[in-house]
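Asker: As input, take upload.csv (CSV, C-alpha atoms):
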```
chain,number,residue,atom,x,y,z
A,1,MET,CA,-4.2,19.9,24.3
A,2,ALA,CA,-1.5,17.2,24.2
A,3,THR,CA,1.6,17.5,26.4
A,4,ALA,CA,5.1,17.4,24.9
A,5,ALA,CA,5.5,13.8,26.2
A,6,GLU,CA,2.3,12.8,24.5
A,7,ALA,CA,3.3,14.3,21.2
A,8,GLN,CA,6.7,12.5,21.4
A,9,ALA,CA,4.9,9.3,22.3
A,10,MET,CA,2.7,9.7,19.1
A,11,ARG,CA,5.8,10.2,17.0
A,12,HIS,CA,7.2,7.0,18.4
A,13,ALA,CA,3.8,5.2,17.9
A,14,VAL,CA,4.0,6.2,14.2
A,15,ALA,CA,7.4,4.7,13.9
A,16,LEU,CA,6.2,1.5,15.6
A,17,ALA,CA,3.3,1.3,13.2
A,18,ALA,CA,5.7,1.3,10.3
A,19,ARG,CA,7.2,-1.9,11.5
A,20,GLY,CA,4.0,-3.7,10.5
A,21,LEU,CA,4.1,-2.6,6.9
A,22,GLY,CA,3.7,-5.6,4.6
A,23,HIS,CA,2.6,-7.9,7.5
A,24,THR,CA,-0.8,-6.9,8.7
A,25,SER,CA,-3.1,-6.9,5.6
A,26,PRO,CA,-6.1,-6.9,5.4
A,27,ASN,CA,-5.7,-5.0,8.7
A,28,PRO,CA,-4.1,-1.6,9.2
A,29,VAL,CA,-0.7,-0.9,10.7
A,30,VAL,CA,-1.1,0.6,14.1
A,31,GLY,CA,1.3,1.7,16.9
A,32,CYS,CA,0.6,2.4,20.5
A,33,VAL,CA,2.5,3.8,23.5
A,34,ILE,CA,1.3,3.8,27.1
A,35,LEU,CA,2.3,6.5,29.5
A,36,ASP,CA,1.8,6.2,33.2
A,37,ALA,CA,0.1,8.8,35.3
A,38,GLY,CA,3.3,10.7,35.5
A,39,GLY,CA,3.8,10.8,31.8
A,40,ARG,CA,6.6,8.2,31.6
A,41,VAL,CA,6.6,5.5,28.9
A,42,VAL,CA,5.7,2.2,30.4
A,43,GLY,CA,4.6,0.1,27.4
A,44,GLU,CA,4.6,0.1,23.6
A,45,GLY,CA,3.5,-2.2,20.8
A,46,TRP,CA,2.4,-2.4,17.2
A,47,HIS,CA,0.1,-4.6,15.2
A,48,GLN,CA,2.5,-7.3,14.0
A,49,ARG,CA,0.3,-9.6,11.9
A,50,ALA,CA,-3.3,-10.1,10.9
A,51,GLY,CA,-5.1,-12.2,13.4
A,52,GLY,CA,-2.6,-11.4,16.2
A,53,PRO,CA,-2.9,-9.0,19.1
A,54,HIS,CA,-3.5,-5.4,18.2
A,55,ALA,CA,-1.1,-2.6,19.1
A,56,GLU,CA,-3.0,-1.6,22.2
A,57,VAL,CA,-2.9,-5.1,23.6
A,58,HIS,CA,0.8,-5.5,23.1
A,59,ALA,CA,1.4,-2.1,24.8
A,60,LEU,CA,-1.0,-2.8,27.7
A,61,ARG,CA,0.7,-6.2,28.3
A,62,ALA,CA,4.1,-4.5,28.5
A,63,ALA,CA,2.7,-1.8,30.9
A,64,GLY,CA,0.9,-4.1,33.2
A,65,GLU,CA,-0.5,-2.3,36.3
A,66,ARG,CA,1.5,0.8,35.5
A,67,ALA,CA,-1.1,1.6,32.8
A,68,ARG,CA,-3.8,2.3,35.4
A,69,GLY,CA,-4.6,6.0,35.5
A,70,GLY,CA,-2.3,6.6,32.5
A,71,THR,CA,-2.6,7.6,28.9
A,72,ALA,CA,-2.7,5.5,25.7
A,73,VAL,CA,-1.3,7.2,22.6
A,74,VAL,CA,-2.4,5.3,19.4
A,75,THR,CA,-2.1,6.0,15.7
A,76,LEU,CA,-5.6,4.8,14.8
A,77,GLU,CA,-8.9,5.0,16.7
A,78,PRO,CA,-9.1,1.9,19.0
A,79,CYS,CA,-11.4,-0.7,17.4
A,80,ASP,CA,-14.8,-1.4,18.9
A,81,HIS,CA,-15.6,-4.8,17.5
A,82,THR,CA,-14.8,-8.5,18.1
A,83,GLY,CA,-13.1,-10.3,15.2
A,84,ARG,CA,-10.2,-12.6,15.6
A,85,THR,CA,-9.3,-10.5,18.6
A,86,GLY,CA,-11.4,-8.5,21.1
A,87,PRO,CA,-12.2,-4.8,21.0
A,88,CYS,CA,-9.3,-2.6,22.0
A,89,SER,CA,-11.7,0.0,23.4
A,90,GLN,CA,-12.8,-2.5,26.1
A,91,ALA,CA,-9.2,-3.6,26.7
A,92,LEU,CA,-8.2,0.0,27.4
A,93,VAL,CA,-11.1,0.5,29.8
A,94,ALA,CA,-10.4,-2.7,31.6
A,95,ALA,CA,-6.7,-1.7,32.1
A,96,GLY,CA,-7.8,1.5,33.8
A,97,ILE,CA,-6.6,3.9,31.1
A,98,ALA,CA,-7.7,7.5,32.0
A,99,ARG,CA,-6.9,9.2,28.7
A,100,VAL,CA,-6.6,8.2,25.1
A,101,HIS,CA,-5.0,10.2,22.3
A,102,TYR,CA,-5.6,8.8,18.8
A,103,ALA,CA,-4.4,10.3,15.5
A,104,VAL,CA,-6.9,9.1,12.9
A,105,ALA,CA,-10.5,8.0,13.1
A,106,ASP,CA,-11.2,4.5,11.9
A,107,PRO,CA,-13.1,4.8,8.6
A,108,THR,CA,-14.7,1.3,8.6
A,109,ALA,CA,-18.3,0.7,9.7
A,110,GLN,CA,-17.3,-2.5,11.4
A,111,ALA,CA,-14.5,-1.3,13.7
A,112,LYS,CA,-15.2,2.4,14.3
A,113,GLY,CA,-16.9,3.6,17.5
A,114,GLY,CA,-14.1,3.0,19.9
A,115,ALA,CA,-13.8,6.6,20.8
A,116,ALA,CA,-17.5,6.8,21.8
A,117,THR,CA,-17.2,3.6,23.9
A,118,LEU,CA,-14.2,5.0,25.7
A,119,ALA,CA,-15.9,8.3,26.4
A,120,ALA,CA,-19.0,6.5,27.6
A,121,ALA,CA,-16.8,4.7,30.1
A,122,GLY,CA,-15.4,8.0,31.5
A,123,VAL,CA,-12.1,7.9,29.6
A,124,GLU,CA,-11.0,11.3,28.3
A,125,VAL,CA,-10.6,11.0,24.5
A,126,ASP,CA,-8.7,13.4,22.1
A,127,ALA,CA,-8.4,13.0,18.4
A,128,GLY,CA,-6.1,14.4,15.7
A,129,LEU,CA,-2.7,14.4,17.4
A,130,LEU,CA,-0.1,14.2,14.6
A,131,ALA,CA,-2.8,13.1,12.2
A,132,GLU,CA,-0.8,13.9,9.1
A,133,GLU,CA,2.1,11.6,10.1
A,134,ALA,CA,-0.2,8.8,11.1
A,135,GLU,CA,-2.2,9.1,7.9
A,136,ALA,CA,1.0,8.8,5.9
A,137,VAL,CA,2.2,5.6,7.5
A,138,ASN,CA,-1.2,4.0,7.1
A,139,GLU,CA,-1.9,5.5,3.6
A,140,PRO,CA,-2.4,2.2,1.7
A,141,TRP,CA,-5.0,0.8,4.2
A,142,LEU,CA,-6.8,4.1,4.6
A,143,THR,CA,-7.0,4.6,0.9
A,144,ALA,CA,-8.4,1.0,0.4
A,145,MET,CA,-11.0,1.5,3.1
A,146,ARG,CA,-12.1,4.9,1.8
A,147,ARG,CA,-12.2,4.0,-1.9
A,148,GLY,CA,-13.1,0.4,-1.8
A,149,ARG,CA,-10.1,-0.7,-3.9
A,150,PRO,CA,-6.4,-1.3,-3.2
A,151,PHE,CA,-4.0,1.6,-3.0
A,152,VAL,CA,-1.8,1.6,-6.1
A,153,LEU,CA,1.8,2.7,-6.2
A,154,TRP,CA,3.3,2.8,-9.7
A,155,LYS,CA,7.0,2.2,-9.8
A,156,PHE,CA,9.1,2.6,-12.9
A,157,ALA,CA,12.8,2.9,-13.8
A,158,ALA,CA,13.9,5.1,-16.6
A,159,THR,CA,16.8,7.0,-18.2
A,160,LEU,CA,16.9,10.8,-18.0
A,161,ASP,CA,15.3,10.9,-21.4
A,162,GLY,CA,12.4,8.8,-20.2
A,163,ARG,CA,13.3,5.4,-21.8
A,164,SER,CA,12.5,2.2,-20.0
A,165,ALA,CA,14.6,0.1,-22.3
A,166,ALA,CA,17.0,0.4,-25.3
A,167,ALA,CA,15.8,0.2,-28.9
A,168,ASP,CA,16.7,-3.6,-29.0
A,169,GLY,CA,14.5,-4.2,-25.9
A,170,THR,CA,17.3,-4.7,-23.4
A,171,SER,CA,16.5,-3.1,-20.0
A,172,ARG,CA,18.9,-4.7,-17.5
A,173,TRP,CA,20.3,-2.7,-15.7
A,174,ILE,CA,19.2,0.8,-16.3
A,175,THR,CA,19.3,1.8,-12.6
A,176,SER,CA,21.8,1.1,-9.9
A,177,ALA,CA,22.1,-1.7,-7.3
A,178,GLU,CA,20.9,0.8,-4.7
A,179,SER,CA,17.7,1.5,-6.6
A,180,ARG,CA,17.0,-2.1,-7.2
A,181,ALA,CA,17.4,-2.8,-3.5
A,182,ASP,CA,14.9,-0.1,-2.8
A,183,VAL,CA,12.4,-1.8,-5.1
A,184,HIS,CA,12.6,-4.8,-2.9
A,185,ARG,CA,11.6,-2.6,0.1
A,186,LEU,CA,8.6,-1.5,-1.9
A,187,ARG,CA,7.7,-5.1,-2.7
A,188,ALA,CA,8.1,-6.1,0.9
A,189,GLU,CA,5.6,-3.4,2.0
A,190,ALA,CA,3.0,-4.3,-0.7
A,191,ASP,CA,0.3,-7.0,-0.6
A,192,ALA,CA,0.5,-7.6,-4.3
A,193,VAL,CA,3.0,-6.9,-7.2
A,194,VAL,CA,1.4,-6.5,-10.6
A,195,VAL,CA,2.9,-6.9,-14.1
A,196,GLY,CA,1.6,-7.4,-17.6
A,197,SER,CA,2.3,-10.1,-20.1
A,198,GLY,CA,4.5,-7.8,-22.1
A,199,THR,CA,6.9,-7.4,-19.2
A,200,LEU,CA,6.7,-11.1,-18.5
A,201,ARG,CA,7.8,-12.0,-22.0
A,202,ALA,CA,10.5,-9.3,-22.2
A,203,ASP,CA,12.1,-9.6,-18.8
A,204,ASP,CA,10.8,-12.9,-17.2
A,205,PRO,CA,10.7,-11.1,-13.8
A,206,HIS,CA,10.6,-13.1,-10.5
A,207,LEU,CA,8.7,-10.5,-8.5
A,208,ALA,CA,9.5,-12.0,-5.1
A,209,VAL,CA,11.2,-10.1,-2.3
A,210,ARG,CA,14.9,-10.7,-1.9
A,211,ASP,CA,17.4,-9.7,0.8
A,212,ARG,CA,14.7,-8.4,3.3
A,213,GLU,CA,14.8,-10.5,6.4
A,214,GLY,CA,11.4,-11.5,7.7
A,215,ALA,CA,9.5,-10.2,4.7
A,216,THR,CA,6.1,-11.5,3.8
A,217,GLN,CA,6.1,-12.4,0.2
A,218,PRO,CA,3.5,-10.4,-1.8
A,219,LEU,CA,1.0,-12.0,-4.2
A,220,ARG,CA,2.5,-12.0,-7.7
A,221,VAL,CA,-0.2,-10.9,-10.2
A,222,VAL,CA,0.2,-11.3,-14.0
A,223,VAL,CA,-2.3,-9.4,-16.2
A,224,ASP,CA,-2.3,-11.8,-19.1
A,225,THR,CA,-5.4,-11.2,-21.3
A,226,GLY,CA,-4.7,-13.9,-23.8
A,227,ALA,CA,-3.3,-16.5,-21.3
A,228,THR,CA,0.2,-16.6,-22.8
A,229,VAL,CA,2.2,-17.5,-19.6
A,230,LYS,CA,4.8,-20.1,-20.4
A,231,PRO,CA,5.3,-23.1,-18.0
A,232,GLY,CA,8.9,-22.1,-17.4
A,233,ALA,CA,8.2,-18.5,-16.3
A,234,ARG,CA,10.1,-17.6,-13.1
A,235,VAL,CA,6.9,-16.0,-11.6
A,236,LEU,CA,5.4,-19.5,-11.4
A,237,ASP,CA,7.9,-20.9,-8.9
A,238,ASP,CA,7.1,-21.5,-5.2
A,239,ALA,CA,8.8,-18.4,-3.8
A,240,ALA,CA,5.5,-16.6,-3.5
A,241,PRO,CA,1.9,-17.2,-4.5
A,242,THR,CA,0.9,-16.1,-8.1
A,243,LEU,CA,-2.4,-15.1,-9.6
A,244,ILE,CA,-2.8,-15.0,-13.4
A,245,ALA,CA,-5.6,-12.7,-14.6
A,246,VAL,CA,-7.0,-13.6,-18.1
A,247,ALA,CA,-9.9,-12.6,-20.2
A,248,GLU,CA,-13.3,-14.2,-19.7
A,249,ASP,CA,-13.1,-15.8,-23.1
A,250,ALA,CA,-9.4,-16.9,-23.0
A,251,GLY,CA,-8.5,-20.5,-23.4
A,252,ILE,CA,-6.7,-21.7,-20.3
A,253,ALA,CA,-6.3,-25.4,-20.7
A,254,HIS,CA,-2.6,-25.0,-21.5
A,255,LEU,CA,-1.8,-22.8,-18.5
A,256,PRO,CA,0.4,-24.5,-15.8
A,257,ARG,CA,-1.4,-26.0,-12.9
A,258,ARG,CA,0.7,-26.2,-9.8
A,259,PRO,CA,0.3,-25.4,-6.0
A,260,GLY,CA,0.3,-21.6,-5.3
A,261,VAL,CA,-0.7,-20.6,-8.8
A,262,GLU,CA,-4.3,-19.5,-9.5
A,263,THR,CA,-6.1,-18.2,-12.5
A,264,VAL,CA,-9.0,-15.7,-12.5
A,265,ARG,CA,-11.2,-14.6,-15.4
A,266,LEU,CA,-12.0,-10.9,-15.8
A,267,PRO,CA,-13.9,-8.8,-18.4
A,268,ARG,CA,-12.1,-7.3,-21.3
A,269,ALA,CA,-11.5,-3.6,-21.9
A,270,GLU,CA,-10.9,-2.1,-25.4
A,271,THR,CA,-7.3,-3.3,-24.9
A,272,GLY,CA,-6.4,-5.7,-22.1
A,273,LEU,CA,-8.5,-6.3,-19.0
A,274,ARG,CA,-10.8,-3.9,-17.1
A,275,ILE,CA,-8.6,-2.4,-14.4
A,276,PRO,CA,-11.5,-1.7,-12.0
A,277,ALA,CA,-12.5,-5.4,-12.2
A,278,LEU,CA,-8.9,-6.4,-11.5
A,279,LEU,CA,-8.7,-4.2,-8.4
A,280,ALA,CA,-12.1,-5.4,-7.2
A,281,GLU,CA,-10.9,-9.0,-7.4
A,282,LEU,CA,-7.7,-8.2,-5.5
A,283,HIS,CA,-9.6,-6.2,-2.9
A,284,GLY,CA,-11.9,-9.2,-2.4
A,285,ARG,CA,-8.8,-11.3,-1.7
A,286,GLY,CA,-7.7,-9.0,1.1
A,287,VAL,CA,-5.2,-7.0,-1.0
A,288,ARG,CA,-5.0,-3.5,0.3
A,289,SER,CA,-1.8,-2.3,-1.4
A,290,VAL,CA,-0.6,-2.9,-5.0
A,291,LEU,CA,2.9,-2.2,-6.4
A,292,LEU,CA,2.4,-1.8,-10.1
A,293,GLU,CA,5.6,-2.9,-11.8
A,294,GLY,CA,4.1,-3.5,-15.2
A,295,GLY,CA,5.5,-2.0,-18.4
A,296,PRO,CA,4.4,1.2,-20.1
A,297,THR,CA,1.2,-0.3,-21.6
A,298,LEU,CA,-0.2,-1.6,-18.2
A,299,ALA,CA,0.8,1.6,-16.5
A,300,GLY,CA,-1.1,3.6,-19.1
A,301,ALA,CA,-4.2,1.5,-18.5
A,302,PHE,CA,-4.0,2.1,-14.8
A,303,LEU,CA,-3.6,5.8,-15.2
A,304,ALA,CA,-6.4,6.0,-17.8
A,305,ALA,CA,-8.6,4.3,-15.2
A,306,GLY,CA,-7.7,6.8,-12.5
A,307,ALA,CA,-6.2,4.0,-10.4
A,308,VAL,CA,-2.7,5.3,-9.5
A,309,ASP,CA,-2.4,6.9,-6.1
A,310,LYS,CA,1.4,7.4,-6.0
A,311,VAL,CA,4.3,7.3,-8.4
A,312,VAL,CA,7.9,6.4,-7.6
A,313,GLY,CA,10.3,6.9,-10.4
A,314,TYR,CA,13.9,5.8,-10.4
A,315,LEU,CA,15.8,8.0,-12.8
A,316,ALA,CA,19.3,6.9,-13.9
A,317,PRO,CA,21.9,9.4,-15.3
A,318,VAL,CA,21.8,7.6,-18.7
A,319,LEU,CA,20.7,8.6,-22.1
A,320,LEU,CA,19.4,6.3,-24.8
A,321,GLY,CA,17.7,8.5,-27.4
A,322,ALA,CA,15.5,5.6,-28.6
A,323,GLY,CA,13.5,2.8,-27.1
A,324,PRO,CA,10.2,2.4,-25.4
A,325,ALA,CA,9.0,5.2,-23.1
A,326,ALA,CA,8.3,4.6,-19.4
A,327,LEU,CA,4.6,5.3,-20.1
A,328,ALA,CA,2.4,4.4,-23.0
A,329,ASP,CA,-1.1,5.7,-24.0
A,330,ALA,CA,-3.0,6.8,-20.9
A,331,GLY,CA,-5.9,8.4,-22.7
A,332,ILE,CA,-4.2,11.9,-22.7
A,333,THR,CA,-4.3,13.7,-26.0
A,334,THR,CA,-3.7,17.3,-25.1
A,335,ILE,CA,-1.6,19.2,-22.5
A,336,ALA,CA,-4.7,20.3,-20.8
A,337,GLN,CA,-5.5,16.7,-19.9
A,338,ALA,CA,-2.0,16.0,-18.4
A,339,LEU,CA,-2.0,14.4,-15.0
A,340,ARG,CA,-0.3,16.9,-12.8
A,341,LEU,CA,1.7,15.5,-9.8
A,342,GLU,CA,3.0,17.0,-6.7
A,343,THR,CA,6.6,16.1,-5.7
A,344,ALA,CA,6.6,14.6,-2.3
A,345,ASP,CA,10.2,13.5,-2.0
A,346,VAL,CA,13.5,13.4,-4.0
A,347,THR,CA,16.2,11.1,-2.7
A,348,ARG,CA,19.6,10.1,-4.2
A,349,LEU,CA,20.2,6.4,-4.3
A,350,GLY,CA,23.8,5.8,-5.5
A,351,PRO,CA,24.0,7.6,-8.9
A,352,ASP,CA,20.2,7.6,-9.3
A,353,LEU,CA,17.4,9.9,-8.2
A,354,ARG,CA,14.2,8.4,-6.6
A,355,VAL,CA,11.3,10.8,-7.2
A,356,THR,CA,8.1,10.3,-5.3
A,357,ALA,CA,5.0,12.1,-6.4
A,358,VAL,CA,1.3,12.1,-5.9
A,359,PRO,CA,-1.5,13.2,-8.3
A,360,ILE,CA,-2.9,16.6,-7.5
A,361,ALA,CA,-6.5,16.4,-6.6
A,362,VAL,CA,-8.7,18.4,-9.0
A,363,PRO,CA,-11.6,20.0,-7.2
A,364,VAL,CA,-15.0,19.0,-8.6
A,365,ALA,CA,-17.2,22.0,-9.3
A,366,VAL,CA,-20.5,21.7,-7.4
A,367,PRO,CA,-23.4,23.4,-9.2
A,368,ALA,CA,-25.2,26.1,-7.2
A,369,PRO,CA,-28.5,25.1,-5.8
A,370,LEU,CA,-31.6,26.2,-7.8
A,371,ALA,CA,-33.6,29.1,-6.3
A,372,GLU,CA,-36.8,28.0,-4.8
A,373,GLU,CA,-40.0,29.1,-6.5
A,374,ASN,CA,-42.3,31.3,-4.5
```
Could the structure of this file be written out as structure tokens, please?
Answerer:
Amino acid sequence: MATAAEAQAMRHAVALAARGLGHTSPNPVVGCVILDAGGRVVGEGWHQRAGGPHAEVHALRAAGERARGGTAVVTLEPCDHTGRTGPCSQALVAAGIARVHYAVADPTAQAKGGAATLAAAGVEVDAGLLAEEAEAVNEPWLTAMRRGRPFVLWKFAATLDGRSAAADGTSRWITSAESRADVHRLRAEADAVVVGSGTLRADDPHLAVRDREGATQPLRVVVDTGATVKPGARVLDDAAPTLIAVAEDAGIAHLPRRPGVETVRLPRAETGLRIPALLAELHGRGVRSVLLEGGPTLAGAFLAAGAVDKVVGYLAPVLLGAGPAALADAGITTIAQALRLETADVTRLGPDLRVTAVPIAVPVAVPAPLAEEN
């Protein structure tokens, strides 16, 4: 059983881990707190960037000799492999740590096993302390590791009657300055921001992060089946890298060629590109979290592919009565097929409401085993 001090240390470790959001991919965000033998905090740290020291190493350096005989509280099972840095399990053993509390087991074949290594060295190991909170802060990375594709958060802005633009196509500004600032937070936490060619033509979005000090710019991804991107598009500037995804048979000779802009060919779907192929391409590039900012058509394609893990809707107290809906065809033809969501949070941002929801998992029926013949 964890002590009150250890539980409090884990809550702080989760908060520390959150500081790494948007900076550590393709690695997880991790926080660690070191308590001395008397239960006092003597060191803390978080994984700050991929290739840099892990959370445990930062915390152990801060603690120094005070770590000997103490407890390490960490949000993710300490890694047990040597990559760009050494195994954290061995670092904890070398520091003389007597006990380790970790919240979530590492799901990767490469890095898991730290708990077993620690236990074999005589360290007392406990798992599961505040697991739900630690899972939440590391949700994108854990989802990517477990599903083999990036975590996808679909963000949209709409009026109360569900319109994403007016009948004449104008859409700036449906939501408030507070909501738009919050979108930049989402961008700063994502590895890639994805839009479709329709949104590019209608809004000419920039997609880079603004007004977030120290933010790592996400990869800007344009799903452009027919290779229609114009040379003057704002998404092609040097503020952040850009990937243009086109169909395998699209002509690309006219596409702009400049530093920081790449083009990738992907297989077609009935309409647009195959979403699983797009996500596989991004995963192979180290993208673990995607912010889907595309318009209603691209959002419908992602939903039809079962590739939306969370929805954030910014709802403005505005009525239009006409104009495009926030979501187009998602392959749903009857109410029985509706994608049901569970509301996780409702927050007021200026005059708007930000609603966060996640798809409700539908249990899969498992057929009863056949009776054996005698």
Asker: Just the residues within 10 Å of stretch 63-68 of chain A, please, counting all atoms listed in the file, with nothing from its chain fewer than 5 positions along; format it as JSON, numbers by chain.
Answerer: {"A": [33, 34, 35, 36, 37, 40, 41, 42, 43, 44, 57, 58, 92, 93, 94, 95, 96, 97, 98]}
Asker: For each of A:Ser176, A:Thr343, A:Thr271, A:Ser197, take the minimum atom-to-atom distance to A:Thr228, counting all atoms listed in the file, then give the residue where this is smallest.
Answerer: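 Using all atoms listed in the file, A:Thr228 sits closest to A:Ser197.
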Asker: Could you work out how far atom CA of A:His54 lies from atom CA of A:Asn27, giving the answer in Å with one decimal?
Answerer: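 A separation of 9.8 Å between them.
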Asker: Ranking A:Glu248, A:Asp126, A:Glu342, A:Asp191 by minimum distance to A:Ser289 and counting all atoms listed in the file, which one comes first?
Answerer: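 Nearest to A:Ser289: A:Asp191.
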Asker: Nearest to A:Ile275: which of A:Leu236, A:Leu298, A:Ala361, A:Ala116 is it, counting all atoms listed in the file?
Answerer: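 Of A:Leu236, A:Leu298, A:Ala361, A:Ala116, the one nearest A:Ile275 is A:Leu298, counting all atoms listed in the file.
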Asker: Figure out the distance between atom CA of A:Gly20 and atom CA of A:Asn138, please, to one decimal in Å.
Answerer: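 Interatomic distance here is 9.9 Å.
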Asker: Which value, in Å to one decimal, gives the distance between atom CA of A:Asp204 and atom CA of A:Gly162?
Answerer: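 Between atom CA of A:Asp204 and atom CA of A:Gly162 the gap is 22.0 Å.
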Asker: Tell me which of A:Leu315, A:Ala202, A:Val183, A:Val221 sits closest to A:Val287, counting all atoms listed in the file.
Answerer: A:Val221
Asker: From the list A:Ala188, A:Ala50, A:Met145, A:Leu255, which residue is nearest A:Gly214 when using only C-alpha atoms?
Answerer: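 Among A:Ala188, A:Ala50, A:Met145, A:Leu255, it is A:Ala188 that comes nearest to A:Gly214.
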Asker: Of the candidates A:Leu349, A:Arg268, A:Arg285, A:Thr175, which shows the shortest atom-to-atom distance to A:Leu319, using all atoms listed in the file?
Answerer: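 Between A:Leu349, A:Arg268, A:Arg285, A:Thr175, the residue approaching A:Leu319 most closely is A:Thr175.
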Asker: Which residues of stretch 193-299 of chain A have any atom within 7 Å of an atom in stretch 324-338 of chain A when counting all atoms listed in the file, and what is the closest pair of atoms for each, with the distance in Å to one decimal? Order the rows by chain and rising number and write it as a tab-separated table.
Answerer:
```
residue	atom	partner	partner_atom	distance
A:Pro296	CA	A:Leu327	CA	4.1
A:Thr297	CA	A:Ala328	CA	5.0
A:Ala299	CA	A:Leu327	CA	6.4
```
Asker: Using all atoms listed in the file, which residues sit within 7 Å of A:Ala245 once same-chain residues fewer than 6 positions away are excluded, as a list in words?
Answerer: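 The residues that qualify are Val222, Val223, Asp224, Thr225, Thr263, Val264, Arg265 and Leu266 of chain A.
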